[in-house]
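As provided, run.txt (compact mmCIF, C-alpha atoms) reads as follows.
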# COMPACT_ATOMS: atom_id res chain seq x y z
CA MET A 1 107.93 51.36 -8.84
CA PHE A 2 107.80 48.99 -5.93
CA SER A 3 108.11 45.22 -6.26
CA LYS A 4 105.40 43.09 -4.64
CA ARG A 5 107.77 41.09 -2.51
CA PHE A 6 107.18 41.72 1.14
CA ILE A 7 105.68 44.49 3.11
CA THR A 8 102.28 45.50 4.21
CA VAL A 9 102.12 48.52 6.42
CA GLY A 10 99.49 48.29 9.06
CA PHE A 11 98.63 45.87 11.76
CA VAL A 12 96.01 43.36 12.55
CA VAL A 13 95.59 43.51 16.26
CA ALA A 14 94.27 40.00 16.59
CA VAL A 15 94.36 36.84 14.54
CA GLY A 16 91.35 35.59 12.60
CA VAL A 17 90.82 32.49 10.49
CA ILE A 18 91.46 33.26 6.83
CA VAL A 19 88.94 31.51 4.59
CA ALA A 20 89.01 31.97 0.82
CA VAL A 21 85.77 33.22 -0.74
CA ALA A 22 84.70 34.83 -3.98
CA TYR A 23 83.20 38.30 -3.94
CA SER A 24 82.43 40.57 -6.91
CA ALA A 25 84.46 38.28 -9.15
CA VAL A 26 87.53 38.86 -6.96
CA VAL A 27 89.10 36.03 -5.00
CA SER A 28 89.56 37.34 -1.46
CA ALA A 29 89.14 36.15 2.11
CA SER A 30 87.07 36.52 5.22
CA ASN A 31 88.99 39.32 6.85
CA SER A 32 87.71 39.98 10.34
CA TRP A 33 89.66 39.52 13.56
CA GLY A 34 87.41 36.84 14.89
CA LYS A 35 84.73 38.61 16.98
CA TYR A 36 86.40 41.94 17.76
CA HIS A 37 84.18 44.93 16.99
CA TRP A 38 82.84 48.16 18.46
CA ASP A 39 79.47 47.77 20.14
CA GLY A 40 76.34 49.81 19.57
CA ASP A 41 72.55 49.72 19.79
CA LYS A 42 72.04 50.71 16.17
CA THR A 43 73.93 51.12 12.95
CA PRO A 44 75.75 53.03 11.79
CA VAL A 45 78.02 52.84 14.82
CA LYS A 46 79.40 56.29 15.54
CA LEU A 47 83.13 56.69 16.10
CA THR A 48 85.52 59.62 16.31
CA LEU A 49 89.02 59.58 14.87
CA GLY A 50 91.60 61.93 16.33
CA ASP A 51 94.23 63.62 14.15
CA ASN A 52 97.59 63.61 15.96
CA PHE A 53 100.41 64.22 13.48
CA LYS A 54 103.74 65.89 14.12
CA THR A 55 103.78 67.24 10.55
CA ASN A 56 101.13 67.75 7.88
CA ALA A 57 102.62 65.03 5.67
CA TRP A 58 99.85 62.62 6.72
CA ASP A 59 96.91 65.03 6.42
CA SER A 60 95.87 64.05 2.89
CA ALA A 61 96.08 60.31 3.58
CA TYR A 62 94.06 60.76 6.77
CA ASP A 63 91.33 62.78 5.04
CA VAL A 64 91.02 60.27 2.20
CA ALA A 65 90.99 57.25 4.52
CA VAL A 66 88.22 58.65 6.73
CA LYS A 67 86.19 59.56 3.65
CA ASP A 68 86.70 56.09 2.19
CA TRP A 69 85.70 54.21 5.34
CA ASN A 70 82.67 56.47 5.79
CA VAL A 71 81.24 54.89 2.64
CA SER A 72 80.43 51.88 4.84
CA LYS A 73 76.76 51.57 5.73
CA VAL A 74 77.52 50.44 9.28
CA LEU A 75 80.01 53.11 10.37
CA SER A 76 79.63 56.84 10.89
CA LEU A 77 83.01 58.50 11.35
CA THR A 78 83.83 61.98 12.59
CA LYS A 79 87.23 63.62 12.29
CA LEU A 80 88.36 65.59 15.33
CA GLY A 81 91.47 67.30 16.46
CA GLY A 82 93.34 64.74 18.52
CA GLU A 83 92.99 64.72 22.29
CA THR A 84 96.56 63.49 22.73
CA SER A 85 100.05 64.36 21.56
CA PRO A 86 101.57 62.54 18.57
CA GLY A 87 104.37 61.21 20.72
CA ALA A 88 102.21 59.83 23.52
CA CYS A 89 99.26 58.73 21.34
CA THR A 90 97.16 58.08 24.45
CA PRO A 91 93.82 56.43 23.61
CA ALA A 92 90.49 57.46 25.08
CA ASN A 93 87.41 55.29 25.52
CA GLY A 94 85.21 55.22 22.45
CA THR A 95 87.77 56.79 20.13
CA ILE A 96 90.46 55.90 17.62
CA GLU A 97 93.52 58.11 17.99
CA VAL A 98 95.56 58.24 14.77
CA CYS A 99 99.16 59.33 15.33
CA ALA A 100 102.40 59.89 13.46
CA ASP A 101 105.70 60.90 15.00
CA GLU A 102 109.34 59.88 15.06
CA TYR A 103 109.11 56.88 17.37
CA GLY A 104 112.72 55.88 16.77
CA ILE A 105 114.76 53.40 14.76
CA ASN A 106 113.21 50.52 16.66
CA GLY A 107 112.44 48.12 13.83
CA TRP A 108 108.74 48.84 13.23
CA LEU A 109 107.14 50.87 10.46
CA GLY A 110 103.63 50.95 11.87
CA LEU A 111 101.58 49.45 14.65
CA ALA A 112 98.06 49.46 15.94
CA GLN A 113 96.57 48.56 19.28
CA ILE A 114 93.05 47.77 20.40
CA TRP A 115 91.96 47.70 24.04
CA THR A 116 89.29 45.00 24.26
CA ARG A 117 86.74 43.85 26.81
CA GLY A 118 85.49 40.47 25.75
CA PRO A 119 84.68 40.80 22.03
CA HIS A 120 84.25 44.57 22.17
CA ILE A 121 86.81 47.18 21.23
CA ARG A 122 86.82 49.94 23.84
CA LYS A 123 89.50 52.20 22.37
CA ALA A 124 92.20 52.02 19.72
CA ILE A 125 95.24 53.72 18.25
CA ALA A 126 97.03 53.63 14.92
CA LYS A 127 100.65 54.78 14.82
CA MET A 128 102.92 55.51 11.86
CA ASN A 129 106.64 55.72 12.58
CA ASP A 130 108.00 58.82 10.85
CA SER A 131 111.52 57.67 11.63
CA TYR A 132 111.13 55.40 8.58
CA PHE A 133 109.14 57.87 6.46
CA VAL A 134 111.87 60.50 6.28
CA THR A 135 111.99 62.79 3.25
CA GLY A 136 113.53 60.99 0.32
CA GLY A 137 113.37 57.60 2.06
CA PHE A 138 112.00 54.37 0.61
CA TYR A 139 108.54 54.83 2.15
CA ASP A 140 108.28 58.58 1.52
CA HIS A 141 105.65 58.27 -1.22
CA PRO A 142 101.95 59.19 -1.31
CA GLU A 143 101.05 55.59 -2.20
CA TRP A 144 102.70 54.24 0.94
CA ARG A 145 101.14 56.85 3.18
CA ALA A 146 97.67 56.18 1.74
CA THR A 147 98.02 52.42 2.18
CA VAL A 148 99.37 52.73 5.71
CA MET A 149 96.64 55.09 6.85
CA CYS A 150 93.76 53.22 5.22
CA GLN A 151 94.88 49.82 6.47
CA GLU A 152 95.63 50.73 10.04
CA ILE A 153 92.36 52.53 10.50
CA GLY A 154 90.64 49.50 8.96
CA HIS A 155 92.27 47.24 11.54
CA ASP A 156 90.88 49.43 14.31
CA PHE A 157 87.34 48.61 13.14
CA GLY A 158 88.10 44.91 13.57
CA LEU A 159 89.12 44.12 10.01
CA GLY A 160 92.02 41.82 9.19
CA HIS A 161 93.83 41.35 5.91
CA GLN A 162 92.10 39.91 2.87
CA ASP A 163 95.30 38.26 1.68
CA GLU A 164 98.75 37.49 3.09
CA ASP A 165 100.58 36.51 -0.13
CA PHE A 166 103.02 39.22 -1.09
CA ASN A 167 103.72 37.77 -4.53
CA ASN A 168 100.25 37.52 -6.03
CA THR A 169 98.19 40.13 -7.83
CA ASN A 170 96.95 43.05 -5.75
CA LEU A 171 93.31 42.87 -4.67
CA ASP A 172 92.86 46.64 -5.02
CA SER A 173 92.28 46.87 -1.28
CA CYS A 174 94.33 48.54 1.42
CA MET A 175 93.58 45.43 3.50
CA ASP A 176 95.71 43.32 1.15
CA TYR A 177 99.28 42.43 2.18
CA THR A 178 101.55 43.99 -0.42
CA SER A 179 104.85 45.70 -1.01
CA ASP A 180 103.41 47.43 -4.08
CA PRO A 181 100.88 49.95 -2.77
CA SER A 182 100.14 51.46 -6.17
CA THR A 183 96.62 49.95 -6.40
CA ASN A 184 96.03 49.11 -2.74
CA GLN A 185 95.25 52.53 -1.31
CA HIS A 186 91.50 52.30 -0.62
CA PRO A 187 88.93 49.80 0.71
CA ASN A 188 87.23 47.61 -1.87
CA GLU A 189 83.72 46.17 -1.99
CA HIS A 190 84.68 43.10 0.00
CA ASP A 191 85.94 45.27 2.87
CA TYR A 192 82.57 47.04 3.05
CA TYR A 193 80.74 43.72 2.81
CA GLN A 194 82.83 42.26 5.63
CA LEU A 195 82.04 45.25 7.84
CA GLU A 196 78.32 44.72 7.22
CA LEU A 197 78.64 41.10 8.35
CA MET A 198 80.62 42.08 11.45
CA TYR A 199 78.20 44.81 12.50
CA ALA A 200 74.96 43.10 11.46
CA HIS A 201 73.95 42.39 15.07
CA LEU A 202 73.18 45.00 17.70
CA ASP A 203 74.82 44.82 21.11
CA GLY A 204 72.46 47.16 22.90
CA GLY A 205 75.08 49.73 23.78
CA GLY A 206 75.39 53.34 22.81
CA GLY A 207 78.25 52.98 20.37
CA GLY A 208 81.93 53.51 20.88
CA GLY A 209 82.13 50.98 23.70
CA GLY A 210 79.20 52.35 25.66
CA GLY A 211 77.37 49.02 25.82
CA ASP A 212 79.95 47.57 28.21
CA THR A 213 78.41 49.51 31.12
CA LYS A 214 75.37 47.20 31.35
CA PRO A 215 75.12 45.53 34.80
CA CYS A 216 75.90 41.85 35.03
CA LYS A 217 72.79 39.72 35.62
CA GLY A 218 74.52 36.45 36.44
CA PRO A 219 77.18 35.09 38.79
CA ALA A 220 80.42 37.07 38.78
CA TRP A 221 82.35 34.17 37.29
CA LYS A 222 80.06 34.32 34.25
CA CYS A 223 80.34 38.07 33.86
CA ALA A 224 84.01 38.74 33.21
CA GLU A 225 83.17 41.50 30.75
CA ASP A 226 81.22 43.36 33.43
CA GLN A 227 84.03 43.51 35.99
CA PRO A 228 85.82 46.87 36.30
CA PRO A 229 89.19 46.97 34.53
CA PRO A 230 92.39 46.95 36.55
CA PRO A 231 94.24 50.29 36.62
CA ALA A 232 96.97 48.85 34.38
CA PHE A 233 94.42 48.37 31.60
CA ASP A 234 94.48 52.12 31.00
CA MET A 235 98.25 52.34 30.71
CA GLU A 236 100.00 53.24 27.47
CA LEU A 237 101.92 50.32 25.97
CA PRO A 238 104.34 51.93 23.51
CA ASN A 239 107.32 49.55 23.70
CA ARG A 240 107.90 45.93 22.85
CA GLY A 241 108.56 45.03 26.45
CA GLN A 242 105.01 46.13 27.30
CA TRP A 243 103.16 44.36 24.47
CA GLY A 244 102.99 41.04 26.26
CA ARG A 245 103.21 37.62 24.65
CA GLU A 246 103.91 37.23 20.96
CA ILE A 247 101.13 35.02 19.60
CA ALA A 248 101.80 35.10 15.86
CA VAL A 249 104.44 35.91 13.27
CA SER A 250 103.68 35.94 9.55
CA ARG A 251 105.50 33.47 7.34
CA ASP A 252 107.72 36.17 5.86
CA GLY A 253 108.50 37.64 9.28
CA GLY A 254 107.03 41.01 8.42
CA GLN A 255 104.13 41.00 10.88
CA SER A 256 103.89 40.11 14.56
CA VAL A 257 100.89 40.05 16.89
CA PHE A 258 101.21 40.45 20.66
CA VAL A 259 98.65 40.24 23.47
CA GLN A 260 98.78 41.67 26.97
CA ASN A 261 96.18 39.95 29.16
CA PHE A 262 94.95 41.90 32.18
CA GLY A 263 92.40 39.29 33.29
CA ASN A 264 88.58 39.35 33.48
CA GLY A 265 88.31 39.62 29.69
CA TYR A 266 90.50 42.74 29.38
CA ARG A 267 93.23 42.50 26.75
CA VAL A 268 95.34 44.75 24.56
CA TYR A 269 96.33 43.44 21.14
CA THR A 270 99.24 44.94 19.24
CA HIS A 271 99.96 44.25 15.59
CA VAL A 272 103.38 45.31 14.39
CA THR A 273 104.77 45.77 10.89
CA TRP A 274 108.55 45.37 10.91
CA THR A 275 111.20 46.79 8.61
CA LEU A 276 112.63 44.56 5.89
CA GLU A 277 115.77 43.95 7.94
CA VAL A 278 113.88 42.86 11.05
CA ALA A 279 111.51 40.77 8.93
CA GLU A 280 114.40 38.85 7.44
CA THR A 281 115.71 38.05 10.90
CA LEU A 282 112.30 36.86 12.10
CA ARG A 283 111.78 34.77 8.99
CA ARG A 284 114.99 32.83 9.60
CA ARG A 285 114.55 32.17 13.31
Written form, structure tokens:
Amino acid sequence: MFSKRFITVGFVVAVGVIVAVAYSAVVSASNSWGKYHWDGDKTPVKLTLGDNFKTNAWDSAYDVAVKDWNVSKVLSLTKLGGETSPGACTPANGTIEVCADEYGINGWLGLAQIWTRGPHIRKAIAKMNDSYFVTGGFYDHPEWRATVMCQEIGHDFGLGHQDEDFNNTNLDSCMDYTSDPSTNQHPNEHDYYQLELMYAHLDGGGGGGGGDTKPCKGPAWKCAEDQPPPPAFDMELPNRGQWGREIAVSRDGGQSVFVQNFGNGYRVYTHVTWTLEVAETLRRR
């Protein structure tokens, strides 16, 4: 059995304000990343999730996570064979590519990235580092894989964590920071409620980032979201040296958030979950 001491596996790719609220008799928190969301002209917003795994060890967790998140009234998810390789995990506009491969002993267990234009998510990836999920290793358990998959996909919708205290009772949500994944493998009612709040308004787009093609009707300086992205915006950003500026580190050192700003409202956010050893170093610095 795992002790609830440190880790959450997943990443928040932006930082929101955590406000305690009560929901369904469970104390939780407002867990959105500020205003980041996929745009659409109606709900449910349709999104595709690509399956890009080097082995079939993640297949069950992926199937369950997509099924769980499809319970939401504001999302309609379709599983597809991935359009990229597990190693490259190259995102495409309007999609979430979910990948798992041996990315190396580089200090991170999982990471997620969202490519944003203003408040809108244009594309996203979720990556699990099989170098730390080796057979017989500490994380090589169905509970860990389920929590990782559920949480990282949840982040790619714009959700943050409900709770960042590793030592309190689990909230029975994969969006809860925990090092005991035994009861935190699925979304809970608050996660679905938060999604409804986030996607309650309609942006007028076609879903999956399509609304960002509307022409700007004002001066250029007021229409940053409507300017074409620089070529670098479409680059892959797999390594720490490409993630940009570190804007947040959790109190225990386990999570870091980076932002790469390309100008005119175009940004890439990367949330990283570190190993215990790296986390200890970050906590002490």
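Here atom CA of Pro86 of chain A stands at a distance of 20.7 Å from atom CA of His141 of chain A.
Note that atom CA of Thr116 of chain A and atom CA of Val268 of chain A are 6.1 Å apart.
Here atom CA of Ala65 of chain A and atom CA of Pro238 of chain A stand 23.8 Å from one another.
All polymer residues at most 10 Å from (84.4, 43.5, 7.8), using all atoms listed in the file, appear as Ser30, Asn31, Ser32, Trp33, His37, Ser72, Val74, Gly154, His155, Phe157, Gly158, Leu159, Gly160, His161, Gln162, His190, Asp191, Tyr192, Tyr193, Gln194, Leu195, Glu196, Leu197, Met198 and Tyr199 of chain A.
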Just want the 12 Å neighbourhood of Gln151 of chain A, counted on all atoms listed in the file, with same-chain residues fewer than 6 positions away dropped. Output as a ChimeraX atom specification. /A:8-13,61-62,64-66,68-69,98,110-112,126-128,144-145,157-162,173-178,181,184-188,191,271,273
Need to verify the contact set: Ala92 of chain A, 10 Å, all atoms listed in the file, exclusion of same-chain residues closer than 6 positions in sequence. Can you return it as a ChimeraX atom specification? /A:50,83-84,115,122-125,234
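If all atoms listed in the file are the atoms counted, then among A:Asn56, A:Asn106, A:Gly265, A:Ser179 the closest residue to Glu277 of chain A is A:Asn106.
For the set A:Ser131, A:Asn261, A:Thr90, A:Ser250, the residue with the smallest atom-to-atom gap to Leu237 of chain A is A:Thr90, counting all atoms listed in the file.
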